[in-house]
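**Q** You'll find input02.cif just under this line, and it carries mmCIF, N, CA and C atoms and all ligand atoms.
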```
data_coords
loop_
_atom_site.label_atom_id
_atom_site.label_comp_id
_atom_site.auth_asym_id
_atom_site.auth_seq_id
_atom_site.Cartn_x
_atom_site.Cartn_y
_atom_site.Cartn_z
N MET Y 650 23.82 18.55 -29.92
CA MET Y 650 23.55 19.21 -28.64
C MET Y 650 24.42 20.46 -28.51
N SER Y 651 23.83 21.61 -28.78
CA SER Y 651 24.61 22.85 -28.77
C SER Y 651 24.93 23.32 -27.35
N ASN Y 652 24.13 22.93 -26.37
CA ASN Y 652 24.37 23.41 -25.00
C ASN Y 652 25.22 22.44 -24.17
N LEU Y 653 25.95 21.58 -24.85
CA LEU Y 653 26.81 20.62 -24.17
C LEU Y 653 28.02 21.33 -23.57
N VAL Y 654 28.31 21.04 -22.30
CA VAL Y 654 29.43 21.65 -21.62
C VAL Y 654 30.43 20.56 -21.23
N ARG Y 655 31.70 20.83 -21.46
CA ARG Y 655 32.74 19.88 -21.04
C ARG Y 655 33.37 20.39 -19.76
N PHE Y 656 33.65 19.49 -18.84
CA PHE Y 656 34.36 19.90 -17.64
C PHE Y 656 35.32 18.80 -17.20
N GLY Y 657 36.38 19.19 -16.53
CA GLY Y 657 37.38 18.23 -16.09
C GLY Y 657 37.11 17.79 -14.67
N VAL Y 658 37.46 16.56 -14.36
CA VAL Y 658 37.29 16.04 -13.00
C VAL Y 658 38.62 15.45 -12.55
N SER Y 659 39.08 15.82 -11.36
CA SER Y 659 40.30 15.22 -10.82
C SER Y 659 39.92 14.21 -9.76
N LEU Y 660 40.45 13.01 -9.88
CA LEU Y 660 40.23 12.02 -8.83
C LEU Y 660 41.33 10.98 -8.83
N GLU Y 661 41.42 10.24 -7.75
CA GLU Y 661 42.48 9.26 -7.58
C GLU Y 661 42.38 8.19 -8.67
N LYS Y 662 43.57 7.72 -9.10
CA LYS Y 662 43.65 6.73 -10.17
C LYS Y 662 42.85 5.47 -9.82
N GLU Y 663 43.02 5.00 -8.58
CA GLU Y 663 42.34 3.77 -8.14
C GLU Y 663 40.82 3.93 -8.19
N LEU Y 664 40.38 5.12 -7.79
CA LEU Y 664 38.94 5.38 -7.78
C LEU Y 664 38.39 5.36 -9.21
N LEU Y 665 39.14 5.96 -10.13
CA LEU Y 665 38.71 5.98 -11.52
C LEU Y 665 38.70 4.57 -12.11
N GLU Y 666 39.71 3.76 -11.73
CA GLU Y 666 39.74 2.38 -12.22
C GLU Y 666 38.52 1.60 -11.73
N ARG Y 667 38.21 1.80 -10.48
CA ARG Y 667 37.03 1.12 -9.92
C ARG Y 667 35.76 1.58 -10.61
N PHE Y 668 35.69 2.87 -10.89
CA PHE Y 668 34.53 3.43 -11.58
C PHE Y 668 34.39 2.83 -12.98
N ASP Y 669 35.52 2.78 -13.71
CA ASP Y 669 35.49 2.22 -15.07
C ASP Y 669 35.04 0.76 -15.06
N GLU Y 670 35.55 0.02 -14.07
CA GLU Y 670 35.16 -1.39 -13.94
C GLU Y 670 33.65 -1.49 -13.70
N HIS Y 671 33.18 -0.62 -12.81
CA HIS Y 671 31.77 -0.60 -12.44
C HIS Y 671 30.88 -0.30 -13.64
N ILE Y 672 31.25 0.71 -14.42
CA ILE Y 672 30.38 1.10 -15.54
C ILE Y 672 30.49 0.12 -16.71
N GLN Y 673 31.62 -0.56 -16.80
CA GLN Y 673 31.74 -1.60 -17.83
C GLN Y 673 30.74 -2.71 -17.55
N GLY Y 674 30.64 -3.06 -16.27
CA GLY Y 674 29.69 -4.08 -15.85
C GLY Y 674 28.26 -3.68 -16.14
N LYS Y 675 28.01 -2.38 -16.16
CA LYS Y 675 26.66 -1.90 -16.44
C LYS Y 675 26.46 -1.57 -17.92
N LYS Y 676 27.46 -1.93 -18.72
CA LYS Y 676 27.38 -1.79 -20.18
C LYS Y 676 27.34 -0.35 -20.71
N TYR Y 677 27.87 0.57 -19.92
CA TYR Y 677 27.98 1.93 -20.45
C TYR Y 677 29.10 1.95 -21.46
N THR Y 678 28.93 2.71 -22.56
CA THR Y 678 29.98 2.75 -23.58
C THR Y 678 31.01 3.83 -23.28
N ASN Y 679 30.64 4.81 -22.45
CA ASN Y 679 31.63 5.82 -22.07
C ASN Y 679 31.30 6.42 -20.70
N ARG Y 680 32.30 7.09 -20.12
CA ARG Y 680 32.15 7.68 -18.78
C ARG Y 680 31.08 8.76 -18.76
N SER Y 681 31.02 9.56 -19.83
CA SER Y 681 30.07 10.68 -19.84
C SER Y 681 28.64 10.19 -19.63
N GLU Y 682 28.29 9.13 -20.34
CA GLU Y 682 26.92 8.62 -20.23
C GLU Y 682 26.65 8.10 -18.81
N ALA Y 683 27.64 7.45 -18.23
CA ALA Y 683 27.49 6.93 -16.87
C ALA Y 683 27.35 8.07 -15.86
N ILE Y 684 28.15 9.10 -16.03
CA ILE Y 684 28.09 10.25 -15.10
C ILE Y 684 26.78 11.01 -15.27
N ARG Y 685 26.33 11.15 -16.50
CA ARG Y 685 25.02 11.80 -16.75
C ARG Y 685 23.91 11.07 -16.00
N ASP Y 686 23.91 9.74 -16.09
CA ASP Y 686 22.88 8.96 -15.42
C ASP Y 686 22.96 9.10 -13.90
N MET Y 687 24.19 9.13 -13.37
CA MET Y 687 24.36 9.28 -11.92
C MET Y 687 23.82 10.64 -11.45
N ILE Y 688 24.09 11.66 -12.24
CA ILE Y 688 23.59 13.00 -11.91
C ILE Y 688 22.06 13.01 -11.93
N ARG Y 689 21.49 12.38 -12.96
CA ARG Y 689 20.02 12.33 -13.05
C ARG Y 689 19.44 11.58 -11.85
N ASP Y 690 20.08 10.48 -11.45
CA ASP Y 690 19.60 9.73 -10.27
C ASP Y 690 19.60 10.61 -9.03
N GLU Y 691 20.65 11.40 -8.88
CA GLU Y 691 20.74 12.29 -7.72
C GLU Y 691 19.64 13.35 -7.77
N LEU Y 692 19.37 13.88 -8.96
CA LEU Y 692 18.33 14.91 -9.10
C LEU Y 692 16.94 14.34 -8.81
N VAL Y 693 16.73 13.08 -9.20
CA VAL Y 693 15.44 12.43 -8.90
C VAL Y 693 15.31 12.24 -7.39
N LYS Y 694 16.39 11.79 -6.75
CA LYS Y 694 16.36 11.64 -5.28
C LYS Y 694 16.04 12.96 -4.62
N LYS Y 695 16.62 14.04 -5.15
CA LYS Y 695 16.39 15.36 -4.59
C LYS Y 695 14.92 15.76 -4.72
N GLU Y 696 14.32 15.46 -5.87
CA GLU Y 696 12.88 15.76 -6.06
C GLU Y 696 12.06 15.06 -4.98
N TRP Y 697 12.42 13.79 -4.70
CA TRP Y 697 11.69 13.02 -3.68
C TRP Y 697 11.89 13.63 -2.30
N LEU Y 698 13.14 13.98 -2.00
CA LEU Y 698 13.44 14.54 -0.67
C LEU Y 698 12.76 15.89 -0.46
N GLU Y 699 12.64 16.66 -1.54
CA GLU Y 699 12.05 17.99 -1.43
C GLU Y 699 10.53 18.01 -1.55
N GLY Y 700 9.95 16.82 -1.73
CA GLY Y 700 8.49 16.74 -1.78
C GLY Y 700 7.86 17.29 -3.04
N LYS Y 701 8.63 17.25 -4.15
CA LYS Y 701 8.09 17.71 -5.44
C LYS Y 701 7.08 16.69 -5.97
N GLU Y 702 6.38 17.05 -7.04
CA GLU Y 702 5.51 16.06 -7.67
C GLU Y 702 6.38 15.05 -8.41
N VAL Y 703 6.19 13.78 -8.12
CA VAL Y 703 7.04 12.72 -8.68
C VAL Y 703 6.16 11.60 -9.22
N THR Y 704 6.80 10.63 -9.85
CA THR Y 704 6.07 9.44 -10.29
C THR Y 704 6.77 8.20 -9.75
N GLY Y 705 6.08 7.10 -9.79
CA GLY Y 705 6.66 5.86 -9.29
C GLY Y 705 5.76 4.69 -9.61
N SER Y 706 6.28 3.50 -9.38
CA SER Y 706 5.45 2.32 -9.60
C SER Y 706 5.66 1.30 -8.49
N ILE Y 707 4.58 0.58 -8.24
CA ILE Y 707 4.59 -0.47 -7.22
C ILE Y 707 4.27 -1.78 -7.93
N THR Y 708 4.96 -2.85 -7.57
CA THR Y 708 4.57 -4.17 -8.04
C THR Y 708 4.22 -5.02 -6.83
N LEU Y 709 3.16 -5.78 -6.97
CA LEU Y 709 2.72 -6.65 -5.87
C LEU Y 709 2.47 -8.04 -6.42
N VAL Y 710 2.92 -9.05 -5.70
CA VAL Y 710 2.58 -10.43 -6.07
C VAL Y 710 1.80 -11.02 -4.91
N TYR Y 711 0.63 -11.55 -5.20
CA TYR Y 711 -0.20 -12.12 -4.13
C TYR Y 711 -1.11 -13.23 -4.67
N ASN Y 712 -1.66 -13.97 -3.72
CA ASN Y 712 -2.55 -15.07 -4.07
C ASN Y 712 -3.99 -14.56 -4.05
N HIS Y 713 -4.65 -14.62 -5.18
CA HIS Y 713 -6.00 -14.02 -5.26
C HIS Y 713 -7.06 -14.87 -4.57
N HIS Y 714 -6.72 -16.09 -4.18
CA HIS Y 714 -7.70 -16.92 -3.47
C HIS Y 714 -7.99 -16.37 -2.08
N LYS Y 715 -7.08 -15.52 -1.60
CA LYS Y 715 -7.32 -14.89 -0.30
C LYS Y 715 -8.22 -13.68 -0.53
N ARG Y 716 -9.51 -13.92 -0.52
CA ARG Y 716 -10.50 -12.89 -0.88
C ARG Y 716 -10.38 -11.63 -0.04
N GLU Y 717 -10.16 -11.83 1.25
CA GLU Y 717 -10.06 -10.66 2.13
C GLU Y 717 -8.90 -9.77 1.72
N LEU Y 718 -7.81 -10.40 1.32
CA LEU Y 718 -6.64 -9.64 0.89
C LEU Y 718 -6.96 -8.87 -0.38
N THR Y 719 -7.58 -9.54 -1.35
CA THR Y 719 -7.94 -8.90 -2.61
C THR Y 719 -8.82 -7.68 -2.36
N ASN Y 720 -9.82 -7.84 -1.51
CA ASN Y 720 -10.71 -6.70 -1.21
C ASN Y 720 -9.96 -5.58 -0.50
N PHE Y 721 -9.09 -5.97 0.41
CA PHE Y 721 -8.30 -5.00 1.17
C PHE Y 721 -7.42 -4.17 0.22
N LEU Y 722 -6.77 -4.85 -0.72
CA LEU Y 722 -5.89 -4.14 -1.67
C LEU Y 722 -6.69 -3.17 -2.54
N ILE Y 723 -7.89 -3.57 -2.92
CA ILE Y 723 -8.74 -2.70 -3.74
C ILE Y 723 -9.20 -1.49 -2.93
N ASP Y 724 -9.61 -1.74 -1.68
CA ASP Y 724 -10.06 -0.64 -0.81
C ASP Y 724 -8.97 0.42 -0.65
N ILE Y 725 -7.77 -0.04 -0.37
CA ILE Y 725 -6.65 0.91 -0.18
C ILE Y 725 -6.42 1.72 -1.45
N GLN Y 726 -6.47 1.04 -2.59
CA GLN Y 726 -6.23 1.75 -3.85
C GLN Y 726 -7.30 2.80 -4.11
N HIS Y 727 -8.54 2.51 -3.70
CA HIS Y 727 -9.60 3.52 -3.88
C HIS Y 727 -9.35 4.73 -2.97
N ASP Y 728 -8.79 4.49 -1.80
CA ASP Y 728 -8.46 5.61 -0.90
C ASP Y 728 -7.43 6.55 -1.52
N TYR Y 729 -6.60 6.01 -2.41
CA TYR Y 729 -5.53 6.79 -3.03
C TYR Y 729 -5.77 7.00 -4.53
N HIS Y 730 -7.02 6.94 -4.96
CA HIS Y 730 -7.33 7.03 -6.39
C HIS Y 730 -6.78 8.31 -7.02
N HIS Y 731 -6.65 9.37 -6.21
CA HIS Y 731 -6.19 10.66 -6.76
C HIS Y 731 -4.71 10.66 -7.16
N ILE Y 732 -3.95 9.67 -6.71
CA ILE Y 732 -2.54 9.61 -7.14
C ILE Y 732 -2.27 8.40 -8.05
N ILE Y 733 -3.26 7.55 -8.24
CA ILE Y 733 -3.05 6.37 -9.09
C ILE Y 733 -3.42 6.66 -10.54
N LEU Y 734 -2.44 6.51 -11.42
CA LEU Y 734 -2.68 6.77 -12.85
C LEU Y 734 -3.23 5.53 -13.54
N SER Y 735 -2.68 4.37 -13.16
CA SER Y 735 -3.18 3.13 -13.76
C SER Y 735 -2.80 1.93 -12.91
N THR Y 736 -3.59 0.89 -13.06
CA THR Y 736 -3.29 -0.37 -12.39
C THR Y 736 -3.41 -1.47 -13.43
N GLN Y 737 -2.39 -2.29 -13.49
CA GLN Y 737 -2.45 -3.42 -14.42
C GLN Y 737 -2.43 -4.71 -13.61
N HIS Y 738 -3.34 -5.58 -13.92
CA HIS Y 738 -3.45 -6.85 -13.18
C HIS Y 738 -3.11 -7.99 -14.13
N ILE Y 739 -2.15 -8.80 -13.74
CA ILE Y 739 -1.75 -9.93 -14.57
C ILE Y 739 -1.98 -11.22 -13.80
N HIS Y 740 -2.70 -12.17 -14.39
CA HIS Y 740 -2.92 -13.46 -13.75
C HIS Y 740 -1.72 -14.33 -14.09
N LEU Y 741 -0.80 -14.48 -13.16
CA LEU Y 741 0.45 -15.20 -13.44
C LEU Y 741 0.22 -16.69 -13.63
N ASP Y 742 -0.62 -17.26 -12.80
CA ASP Y 742 -0.99 -18.67 -12.92
C ASP Y 742 -2.33 -18.84 -12.21
N GLU Y 743 -2.70 -20.07 -11.86
CA GLU Y 743 -4.01 -20.29 -11.24
C GLU Y 743 -4.16 -19.60 -9.89
N ASP Y 744 -3.04 -19.38 -9.22
CA ASP Y 744 -3.11 -18.81 -7.86
C ASP Y 744 -2.59 -17.38 -7.77
N ASN Y 745 -1.51 -17.12 -8.47
CA ASN Y 745 -0.78 -15.86 -8.26
C ASN Y 745 -1.15 -14.73 -9.22
N CYS Y 746 -1.21 -13.53 -8.63
CA CYS Y 746 -1.48 -12.33 -9.42
C CYS Y 746 -0.31 -11.37 -9.26
N LEU Y 747 -0.04 -10.65 -10.34
CA LEU Y 747 0.95 -9.58 -10.30
C LEU Y 747 0.20 -8.29 -10.61
N GLU Y 748 0.38 -7.31 -9.75
CA GLU Y 748 -0.28 -6.04 -10.00
C GLU Y 748 0.78 -4.95 -10.11
N ILE Y 749 0.62 -4.09 -11.10
CA ILE Y 749 1.54 -2.97 -11.28
C ILE Y 749 0.73 -1.69 -11.14
N ILE Y 750 1.11 -0.87 -10.19
CA ILE Y 750 0.37 0.37 -9.92
C ILE Y 750 1.28 1.55 -10.23
N VAL Y 751 0.84 2.40 -11.12
CA VAL Y 751 1.64 3.57 -11.50
C VAL Y 751 1.03 4.82 -10.87
N MET Y 752 1.88 5.62 -10.24
CA MET Y 752 1.37 6.77 -9.49
C MET Y 752 2.06 8.06 -9.87
N LYS Y 753 1.35 9.15 -9.66
CA LYS Y 753 1.94 10.49 -9.78
C LYS Y 753 1.40 11.31 -8.62
N GLY Y 754 2.30 11.93 -7.87
CA GLY Y 754 1.83 12.72 -6.73
C GLY Y 754 2.98 13.10 -5.82
N LYS Y 755 2.64 13.44 -4.58
CA LYS Y 755 3.66 13.82 -3.61
C LYS Y 755 4.32 12.55 -3.06
N PRO Y 756 5.65 12.61 -2.86
CA PRO Y 756 6.38 11.45 -2.37
C PRO Y 756 5.76 10.85 -1.10
N LYS Y 757 5.33 11.70 -0.19
CA LYS Y 757 4.81 11.22 1.08
C LYS Y 757 3.61 10.28 0.87
N GLU Y 758 2.70 10.69 -0.01
CA GLU Y 758 1.51 9.86 -0.26
C GLU Y 758 1.85 8.58 -1.01
N ILE Y 759 2.77 8.70 -1.97
CA ILE Y 759 3.18 7.53 -2.75
C ILE Y 759 3.82 6.49 -1.82
N GLU Y 760 4.69 6.96 -0.93
CA GLU Y 760 5.36 6.04 0.00
C GLU Y 760 4.37 5.44 1.01
N GLU Y 761 3.40 6.26 1.39
CA GLU Y 761 2.36 5.80 2.32
C GLU Y 761 1.56 4.66 1.68
N LEU Y 762 1.17 4.87 0.43
CA LEU Y 762 0.40 3.84 -0.29
C LEU Y 762 1.22 2.56 -0.41
N TYR Y 763 2.47 2.71 -0.77
CA TYR Y 763 3.35 1.53 -0.91
C TYR Y 763 3.46 0.78 0.42
N GLY Y 764 3.64 1.52 1.49
CA GLY Y 764 3.76 0.90 2.81
C GLY Y 764 2.52 0.09 3.15
N LYS Y 765 1.35 0.64 2.88
CA LYS Y 765 0.10 -0.04 3.21
C LYS Y 765 -0.09 -1.30 2.37
N LEU Y 766 0.22 -1.21 1.07
CA LEU Y 766 0.01 -2.36 0.19
C LEU Y 766 1.02 -3.47 0.47
N LYS Y 767 2.27 -3.08 0.63
CA LYS Y 767 3.33 -4.08 0.83
C LYS Y 767 3.15 -4.85 2.14
N SER Y 768 2.68 -4.12 3.16
CA SER Y 768 2.59 -4.76 4.48
C SER Y 768 1.29 -5.53 4.68
N ALA Y 769 0.41 -5.50 3.66
CA ALA Y 769 -0.85 -6.24 3.80
C ALA Y 769 -0.55 -7.73 3.95
N LYS Y 770 -1.21 -8.35 4.90
CA LYS Y 770 -0.95 -9.76 5.20
C LYS Y 770 -1.32 -10.63 3.98
N GLY Y 771 -0.38 -11.41 3.50
CA GLY Y 771 -0.65 -12.27 2.36
C GLY Y 771 0.04 -11.81 1.08
N VAL Y 772 0.54 -10.56 1.07
CA VAL Y 772 1.29 -10.11 -0.09
C VAL Y 772 2.64 -10.83 -0.08
N LYS Y 773 2.95 -11.54 -1.16
CA LYS Y 773 4.18 -12.33 -1.20
C LYS Y 773 5.42 -11.48 -1.42
N HIS Y 774 5.26 -10.46 -2.29
CA HIS Y 774 6.38 -9.55 -2.51
C HIS Y 774 5.89 -8.21 -3.01
N GLY Y 775 6.50 -7.17 -2.51
CA GLY Y 775 6.17 -5.83 -2.98
C GLY Y 775 7.44 -5.16 -3.47
N GLY Y 776 7.37 -4.54 -4.64
CA GLY Y 776 8.53 -3.83 -5.19
C GLY Y 776 8.15 -2.38 -5.43
N PHE Y 777 9.15 -1.52 -5.47
CA PHE Y 777 8.88 -0.09 -5.59
C PHE Y 777 9.97 0.57 -6.43
N ALA Y 778 9.57 1.37 -7.38
CA ALA Y 778 10.54 2.13 -8.17
C ALA Y 778 10.16 3.60 -8.14
N MET Y 779 11.09 4.43 -7.68
CA MET Y 779 10.81 5.86 -7.66
C MET Y 779 11.41 6.52 -8.89
N THR Y 780 10.61 7.38 -9.52
CA THR Y 780 11.15 8.11 -10.66
C THR Y 780 10.55 9.52 -10.68
N THR Y 781 10.58 10.14 -11.82
CA THR Y 781 10.32 11.57 -11.92
C THR Y 781 9.20 11.86 -12.92
N THR Y 782 8.67 13.07 -12.90
CA THR Y 782 7.73 13.48 -13.95
C THR Y 782 8.52 13.85 -15.21
N GLY Y 783 9.84 14.03 -15.04
CA GLY Y 783 10.71 14.37 -16.18
C GLY Y 783 10.75 15.85 -16.51
N LYS Y 784 9.93 16.64 -15.82
CA LYS Y 784 9.82 18.07 -16.16
C LYS Y 784 11.10 18.84 -15.87
N GLU Y 785 11.80 18.45 -14.79
CA GLU Y 785 12.98 19.23 -14.40
C GLU Y 785 14.29 18.54 -14.75
N ILE Y 786 14.19 17.47 -15.52
CA ILE Y 786 15.40 16.72 -15.86
C ILE Y 786 15.56 16.64 -17.37
N THR Y 787 16.75 17.02 -17.85
CA THR Y 787 16.98 16.99 -19.31
C THR Y 787 17.67 15.71 -19.73
NI NI O 801 -5.31 -12.37 -11.08
#
```
Write out the structure in this file as structure tokens.

**A**
Amino acid sequence: MSNLVRFGVSLEKELLERFDEHIQGKKYTNRSEAIRDMIRDELVKKEWLEGKEVTGSITLVYNHHKRELTNFLIDIQHDYHHIILSTQHIHLDEDNCLEIIVMKGKPKEIEELYGKLKSAKGVKHGGFAMTTTGKEIT
């Protein structure tokens, strides 16, 4: 990496000890890698706050025997087809389904879709991961 820049950081000893403890728990092998990841997390948050084009995924666990719920979830997804890249449906057991929905679009619409799906009556759990298109992050 020819464009690598080194810089010094001054901070309290106790704070650095706590940081080292924290990153050890997360299995980072060195501070640089941990700090790089923290910076990237902040930049992704900034993309979301600024309404840039972003990506994300939703996970839903629900009982497919509730036909109305199943239809409702499909209807909502069709309303947002323009931001949905893919949907994966996994039959977890005889009753439960896990759905993973991957999206690319404006944060506002992605969050709106998540809100509608998660709050649907009968959804057992909804999860959400926000990430980036990767275009502005090295
Ligand atoms: Ni299923």

**Q** Distance atom C of Ile684 of chain Y-atom C of Phe777 of chain Y, one decimal place?

**A**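 Separating atom C of Ile684 of chain Y from atom C of Phe777 of chain Y is a distance of 21.7 Å.
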
**Q** Which neighbours of segment 713-722 of chain Y fall inside 6 Å, counting all atoms listed in the file, when residues of the same chain fewer than 3 positions from it are skipped, and could you give them as a list of chain:residue names?

**A**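 Once the adjacent positions are removed, what remains is Y:Ile725, Y:Gln726, Y:Asp744, Y:Asn745, Y:Cys746.
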
**Q** Name each residue within 9 Å of ligand NI 801 (chain O), counting only C-alpha atoms and all ligand atoms, as a list in words.

**A** Tyr711, Asn712, His713, His738, Ile739, His740, Leu741, Asp742, Glu743, Asp744, Asn745, Cys746, Leu747 and Glu748 of chain Y

**Q** So that I can see what lies close to Gly776 of chain Y, please list as a list in words the residues with an atom at most 7 Å from it, counting only C-alpha atoms and leaving out residues fewer than 6 positions away in the same chain.

**A**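 Listed by chain and then number, they are Ile707, Thr708 and Leu709 of chain Y.
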
**Q** From the set Y:Val710, Y:Ile688, Y:Ile672, Y:Ile759, which residue has the shortest atom-to-atom contact distance to Lys773 of chain Y, counting only C-alpha atoms?

**A**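 Looking only at the distances to Lys773 of chain Y, the closest residue turns out to be Y:Val710.
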
**Q** What gap, in Å, lies between atom C of Asp669 of chain Y and atom C of Thr787 of chain Y?

**A** 23.4 Å

**Q** Would you mind reading off the distance between atom CA of Asp690 of chain Y and atom CA of Thr781 of chain Y, one decimal, in Å?

**A**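 Separation between atom CA of Asp690 of chain Y and atom CA of Thr781 of chain Y: 9.6 Å.
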
**Q** Among chain Y, which residues does DSSP mark as alpha helix (DSSP H) when it is run on the backbone? Keep the chain and numbering as in the structure and answer as an MDAnalysis selection string.

**A** chainID Y and resid 662:674 680:698 716:728 756:767

**Q** Within 7 Å of Val703 of chain Y, counting only C-alpha atoms, which residues show up once you throw out same-chain ones fewer than 4 positions away? Write them as a PyMOL selection string, please.

**A** chain Y and resi 697+753-756+780-782

**Q** Could you write out the selected residues, including N, CA and C atoms, as a compact mmCIF listing (two decimals), in the coordinates of the input?

**A**
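What ended up in out.txt:
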```
# COMPACT_ATOMS: atom_id res chain seq x y z
N TRP Y 697 12.42 13.79 -4.70
CA TRP Y 697 11.69 13.02 -3.68
C TRP Y 697 11.89 13.63 -2.30
N LYS Y 753 1.35 9.15 -9.66
CA LYS Y 753 1.94 10.49 -9.78
C LYS Y 753 1.40 11.31 -8.62
N GLY Y 754 2.30 11.93 -7.87
CA GLY Y 754 1.83 12.72 -6.73
C GLY Y 754 2.98 13.10 -5.82
N LYS Y 755 2.64 13.44 -4.58
CA LYS Y 755 3.66 13.82 -3.61
C LYS Y 755 4.32 12.55 -3.06
N PRO Y 756 5.65 12.61 -2.86
CA PRO Y 756 6.38 11.45 -2.37
C PRO Y 756 5.76 10.85 -1.10
N THR Y 780 10.61 7.38 -9.52
CA THR Y 780 11.15 8.11 -10.66
C THR Y 780 10.55 9.52 -10.68
N THR Y 781 10.58 10.14 -11.82
CA THR Y 781 10.32 11.57 -11.92
C THR Y 781 9.20 11.86 -12.92
N THR Y 782 8.67 13.07 -12.90
CA THR Y 782 7.73 13.48 -13.95
C THR Y 782 8.52 13.85 -15.21
```
